[in-house]
Amino acid sequence: MWQSFTPYIPIILSAISNTLMLAFFSFGIATALGILMAFIEVFATKTLSIVVDWIARVLRGVPLILSIFLVFYGLPSIGLVLPPLCAAILGIAIVDAGYQEQIFRSAIKAVSTRQLEAAYSLGLTRAEAFLYVVLPQSFRIALPSWINDFTIVLKDTSIAYAIGVVEVFTQAVHVAQVIMDYMWPLVFVSVIYLAICYPLSILSNNIHSKLKSMGMLGSGV
Amino acid sequence: MVSKLLVVEDLWKFIDGKPVLRGVTFDVNEGETKVILGPSGAGKSTLLRCINLLIMPDRGKIVFDGEDVLRKRDIHSIRSKIGFVFQHFNLFSHMTALENVTLGLTKVKKLSKHEAEKKAKEALIAVGITEELWNKYPAQLSGGQQQRVAIARALAMEPKLILFDEPTSALDPELIWEVLNVMEKLAKAKMTMIVVTHEIGFAMRVANEVLFLDNGVILERGAPEQVILSPCNERVRRFMDRMKYVYNVDKGYAH
């Protein structure tokens, strides 16, 4: 019954900081890696960009649990032992980097060649055209997908349970085992995820329609 | 003294192995307005883009303002002296009207923000874009307003030549007038212009010379009355007959 669950609510809430830490750090690292890979793909030589494209594909293809186990249980065999929290952050980050590469690469490519032609016709160099025209537009274009990706990462942090990181889902399971009722702890923890994700997805939608009305999500011609 | 601002000699361009321009030769004097007519796919846009090197021609020679353009390494300084007005306006969608005009002034001409804004506002006023529109984004402007901002963007750079690539083709009929009107004023002020357009009425009034381009070659050239109203070439005559039907232009139109 839910009455037997209520005294344990503070225990679950106390783990929110860990959940957020997992989400922010892994998302931050993934963003840095994703932007780096996207830039290499767009600007570097063909060979290098094909290599990076394949790296990103492989990263996207790795199941999250496998990535985390590889970092936590695999890396020690080559002498790198990470505490569970760090291992989870890294494990989530490298898979998500593969997705973020996709977000940023397609955003850069979505800036239409018409915009570039206009920049060049003023006498801007390639570098200036990218700095003043392509980048500001592609960051705006990437923003809705980038926010959405954060909500996915936030929910993915629950997988850190598998290597014993104390985050909200882990705590909910522990509470469930103590009170011998899974229902209320799990419902409660899903409300926590929802409370964070829902406003973000509204925000993402709003930005998307703003961009659409500015004509920045056109055909990409 | 009339001096040649632009000389294009035997220009060739191949795209995917197919010749798009086949030995185009013409020149433009300072203060002159050239109008290029011709069917879609004739190579008109390609020709304009070759002149400011948005497309690299494969063969031929372009001399602009006394400089051999194709031999010059600094294509950016050439481009900054040649304005380009696009069919689809191509305003920077993340910038206001004013910012669209100042970008080239601050980044290419290295003017201070204050000077750039002053110049940009003059250019915007010259094309009839008034103060209440300066801080609007392109999506908040009508097509005609957008195209006039685009003309101001080119104009503010104080170019020696402005290239217009079908500047009214993407506009509602009612808005075409406001753009043509601005262009006609520019021509009267002796701005050197090359205009690709289907507006033969505009060509009749404004052009010093009309070139008819088809299949990558200039089929006919001459005064607008001659090329539009009584062309020698059979292909040009057929084209003009249809244009005259569409635009209801006939002899006696030119005053």
# chains A, B, ... in the order shown; residues from 1 in each chain; ligands from 1

$ closest_atom_pairs --of "chain B" --to "chain A" --cutoff "6 Å" --atoms "only C-alpha atoms" --output "JSON lines"
{"residue": "B:His76", "atom": "CA", "partner": "A:Gly123", "partner_atom": "CA", "distance": 4.4}
{"residue": "B:Arg79", "atom": "CA", "partner": "A:Gly123", "partner_atom": "CA", "distance": 4.8}
{"residue": "B:Ser80", "atom": "CA", "partner": "A:Gly123", "partner_atom": "CA", "distance": 4.4}
{"residue": "B:Asn90", "atom": "CA", "partner": "A:Gln115", "partner_atom": "CA", "distance": 5.7}
{"residue": "B:Gly104", "atom": "CA", "partner": "A:Leu122", "partner_atom": "CA", "distance": 5.7}
{"residue": "B:Ala139", "atom": "CA", "partner": "A:Met214", "partner_atom": "CA", "distance": 5.1}

$ write_last_selection --atoms "C-alpha atoms" --output "short mmCIF file (atom, residue, chain, number, x, y, z; two decimals), in the first residue's frame"
data_model
loop_
_atom_site.label_atom_id
_atom_site.label_comp_id
_atom_site.auth_asym_id
_atom_site.auth_seq_id
_atom_site.Cartn_x
_atom_site.Cartn_y
_atom_site.Cartn_z
CA HIS B 76 36.77 37.60 -51.91
CA ARG B 79 33.13 39.45 -54.86
CA SER B 80 32.93 42.36 -52.45
CA ASN B 90 18.64 34.59 -49.75
CA GLY B 104 29.22 42.62 -45.14
CA ALA B 139 10.17 35.80 -42.36
#

$ closest_atom_pairs --of "segment 206-225 of chain B" --to "segment 188-192 of chain B" --cutoff "12 Å" --atoms "only C-alpha atoms" --output "JSON lines"
{"residue": "B:Val206", "atom": "CA", "partner": "B:Lys188", "partner_atom": "CA", "distance": 8.1}
{"residue": "B:Ala207", "atom": "CA", "partner": "B:Lys188", "partner_atom": "CA", "distance": 10.5}
{"residue": "B:Asn208", "atom": "CA", "partner": "B:Thr192", "partner_atom": "CA", "distance": 10.5}

$ write_last_selection --atoms "C-alpha atoms" --output "CSV table (one decimal), in the first residue's frame"
chain,number,residue,atom,x,y,z
B,206,VAL,CA,15.8,50.3,-68.9
B,207,ALA,CA,18.3,48.1,-70.9
B,208,ASN,CA,21.1,49.6,-72.9

$ select_by_dssp --residues "segment 125-218 of chain B" --states "helix (DSSP H, G or I)" --output "PyMOL selection string"
chain B and resi 125-126+131-133+138-140+143-156+173-188+200-206

$ closest_residue --among "B:Lys34, B:Arg242, B:Lys107, B:Lys185" --to "Leu163 of chain B" --atoms "only C-alpha atoms"
B:Lys34

$ atom_distance --atom1 "atom CA of Pro173 of chain B" --atom2 "atom CA of Gly216 of chain B"
28.7 Å

$ closest_residue --among "A:Gly98, A:Pro144, A:Gly74, A:Pro7" --to "Ile35 of chain A" --atoms "only C-alpha atoms"
A:Gly98

$ atom_distance --atom1 "atom CA of Ser67 of chain A" --atom2 "atom CA of Leu48 of chain A"
24.2 Å

$ residues_around --residues "Glu220 of chain B" --least-positions-apart "5" --cutoff "9 Å" --atoms "only C-alpha atoms" --output "CSV table (one decimal) with N, CA and C atoms, in the first residue's frame"
chain,number,residue,atom,x,y,z
B,210,VAL,N,20.3,44.2,-74.9
B,210,VAL,CA,19.7,43.0,-74.5
B,210,VAL,C,20.4,41.8,-75.1
B,211,LEU,N,20.7,40.8,-74.3
B,211,LEU,CA,21.4,39.6,-74.9
B,211,LEU,C,20.4,38.5,-74.8
B,212,PHE,N,20.2,37.7,-75.8
B,212,PHE,CA,19.4,36.5,-75.8
B,212,PHE,C,20.2,35.3,-75.7
B,213,LEU,N,20.1,34.6,-74.6
B,213,LEU,CA,21.0,33.4,-74.3
B,213,LEU,C,20.1,32.1,-74.5
B,227,VAL,N,15.8,43.5,-80.3
B,227,VAL,CA,15.8,42.1,-79.9
B,227,VAL,C,14.4,41.6,-79.5
B,231,PRO,N,13.2,40.6,-83.7
B,231,PRO,CA,14.4,39.8,-83.7
B,231,PRO,C,14.7,39.2,-85.0
B,232,CYS,N,16.0,39.0,-85.4
B,232,CYS,CA,16.3,38.3,-86.6
B,232,CYS,C,16.2,36.8,-86.5
B,233,ASN,N,16.7,36.3,-85.4
B,233,ASN,CA,16.8,34.9,-85.2
B,233,ASN,C,15.4,34.2,-85.0
B,236,VAL,N,14.6,33.2,-81.4
B,236,VAL,CA,14.4,34.4,-80.6
B,236,VAL,C,13.0,34.9,-80.9

$ residues_around --residues "Ala97 of chain B" --least-positions-apart "2" --cutoff "10 Å" --atoms "only C-alpha atoms" --output "number ranges by chain"
B: 91-95, 99-102, 120-121, 124, 129, 133-138, 140-141, 145-146, 148-150, 152-153

$ residues_around --residues "Pro63 of chain A" --least-positions-apart "6" --cutoff "12 Å" --atoms "only C-alpha atoms" --output "MDAnalysis selection string"
chainID A and resid 69:70 91:92 94:96 98 156 159

$ closest_residue --among "B:Lys109, B:Gln87, B:Arg205, B:Asp241" --to "Ile151 of chain B" --atoms "only C-alpha atoms"
B:Gln87

$ select_by_dssp --residues "segment 28-200 of chain B" --states "strand (DSSP E or B)" --output "list of chain:residue names"
B:Val28, B:Asn29, B:Thr33, B:Lys34, B:Val35, B:Ile36, B:Leu37, B:Arg59, B:Gly60, B:Lys61, B:Ile62, B:Val63, B:Phe64, B:Glu67, B:Asp68, B:Ile82, B:Gly83, B:Phe84, B:Val85, B:Leu161, B:Ile162, B:Leu163, B:Phe164, B:Asp165, B:Met193, B:Ile194, B:Val195, B:Val196

$ write_last_selection --atoms "C-alpha atoms" --output "mmCIF file, in the first residue's frame"
data_model
loop_
_atom_site.group_PDB
_atom_site.id
_atom_site.type_symbol
_atom_site.label_atom_id
_atom_site.label_comp_id
_atom_site.auth_asym_id
_atom_site.auth_seq_id
_atom_site.Cartn_x
_atom_site.Cartn_y
_atom_site.Cartn_z
ATOM 1 C CA VAL B 28 29.623 45.853 -70.035
ATOM 2 C CA ASN B 29 30.445 49.540 -69.927
ATOM 3 C CA THR B 33 22.320 48.069 -67.812
ATOM 4 C CA LYS B 34 22.454 44.768 -69.653
ATOM 5 C CA VAL B 35 19.431 42.536 -69.668
ATOM 6 C CA ILE B 36 19.857 38.839 -70.366
ATOM 7 C CA LEU B 37 16.772 37.078 -71.685
ATOM 8 C CA ARG B 59 37.531 28.065 -69.956
ATOM 9 C CA GLY B 60 37.597 31.669 -71.041
ATOM 10 C CA LYS B 61 38.504 35.006 -69.595
ATOM 11 C CA ILE B 62 36.780 37.477 -67.308
ATOM 12 C CA VAL B 63 38.256 40.920 -66.839
ATOM 13 C CA PHE B 64 36.531 42.989 -64.168
ATOM 14 C CA GLU B 67 41.736 42.702 -63.321
ATOM 15 C CA ASP B 68 41.891 39.202 -64.751
ATOM 16 C CA ILE B 82 30.163 42.810 -57.232
ATOM 17 C CA GLY B 83 26.678 42.777 -55.743
ATOM 18 C CA PHE B 84 24.444 39.766 -56.287
ATOM 19 C CA VAL B 85 20.662 39.736 -55.957
ATOM 20 C CA LEU B 161 28.464 46.098 -60.598
ATOM 21 C CA ILE B 162 25.273 44.427 -59.428
ATOM 22 C CA LEU B 163 24.128 41.095 -60.842
ATOM 23 C CA PHE B 164 20.401 40.338 -60.642
ATOM 24 C CA ASP B 165 19.359 36.706 -61.064
ATOM 25 C CA MET B 193 23.865 46.193 -63.727
ATOM 26 C CA ILE B 194 23.427 42.849 -65.428
ATOM 27 C CA VAL B 195 19.862 41.664 -65.060
ATOM 28 C CA VAL B 196 18.595 38.190 -65.862
#

$ residues_around --residues "Met21 of chain A" --least-positions-apart "6" --cutoff "10 Å" --atoms "only C-alpha atoms" --output "PyMOL selection string"
chain A and resi 15+27+85+89+154+157+167

$ residues_around --residues "segment 191-204 of chain A" --least-positions-apart "2" --cutoff "6 Å" --atoms "only C-alpha atoms" --output "PDB file with N, CA and C atoms, in the first residue's frame"
ATOM      1  N   PRO A 144      16.077  22.024 -30.870  1.00  0.00           N
ATOM      2  CA  PRO A 144      14.981  21.145 -30.441  1.00  0.00           C
ATOM      3  C   PRO A 144      15.413  19.687 -30.295  1.00  0.00           C
ATOM      4  N   THR A 151      16.449  14.634 -22.785  1.00  0.00           N
ATOM      5  CA  THR A 151      15.416  13.874 -22.066  1.00  0.00           C
ATOM      6  C   THR A 151      15.650  12.368 -22.208  1.00  0.00           C
ATOM      7  N   PHE A 188       6.280   6.435  -8.488  1.00  0.00           N
ATOM      8  CA  PHE A 188       6.838   7.696  -7.988  1.00  0.00           C
ATOM      9  C   PHE A 188       8.062   8.125  -8.795  1.00  0.00           C
ATOM     10  N   VAL A 189       8.924   7.162  -9.063  1.00  0.00           N
ATOM     11  CA  VAL A 189      10.153   7.514  -9.774  1.00  0.00           C
ATOM     12  C   VAL A 189       9.851   7.905 -11.224  1.00  0.00           C
ATOM     13  N   ASN A 206       8.225  24.270 -28.708  1.00  0.00           N
ATOM     14  CA  ASN A 206       8.073  25.711 -28.956  1.00  0.00           C
ATOM     15  C   ASN A 206       9.188  26.252 -29.838  1.00  0.00           C
ATOM     16  N   ILE A 207      10.415  25.836 -29.546  1.00  0.00           N
ATOM     17  CA  ILE A 207      11.546  26.304 -30.357  1.00  0.00           C
ATOM     18  C   ILE A 207      11.375  25.822 -31.790  1.00  0.00           C
TER      19      ILE A 207
END

$ atom_distance --atom1 "atom CA of Ile176 of chain B" --atom2 "atom CA of Asn52 of chain B"
25.1 Å
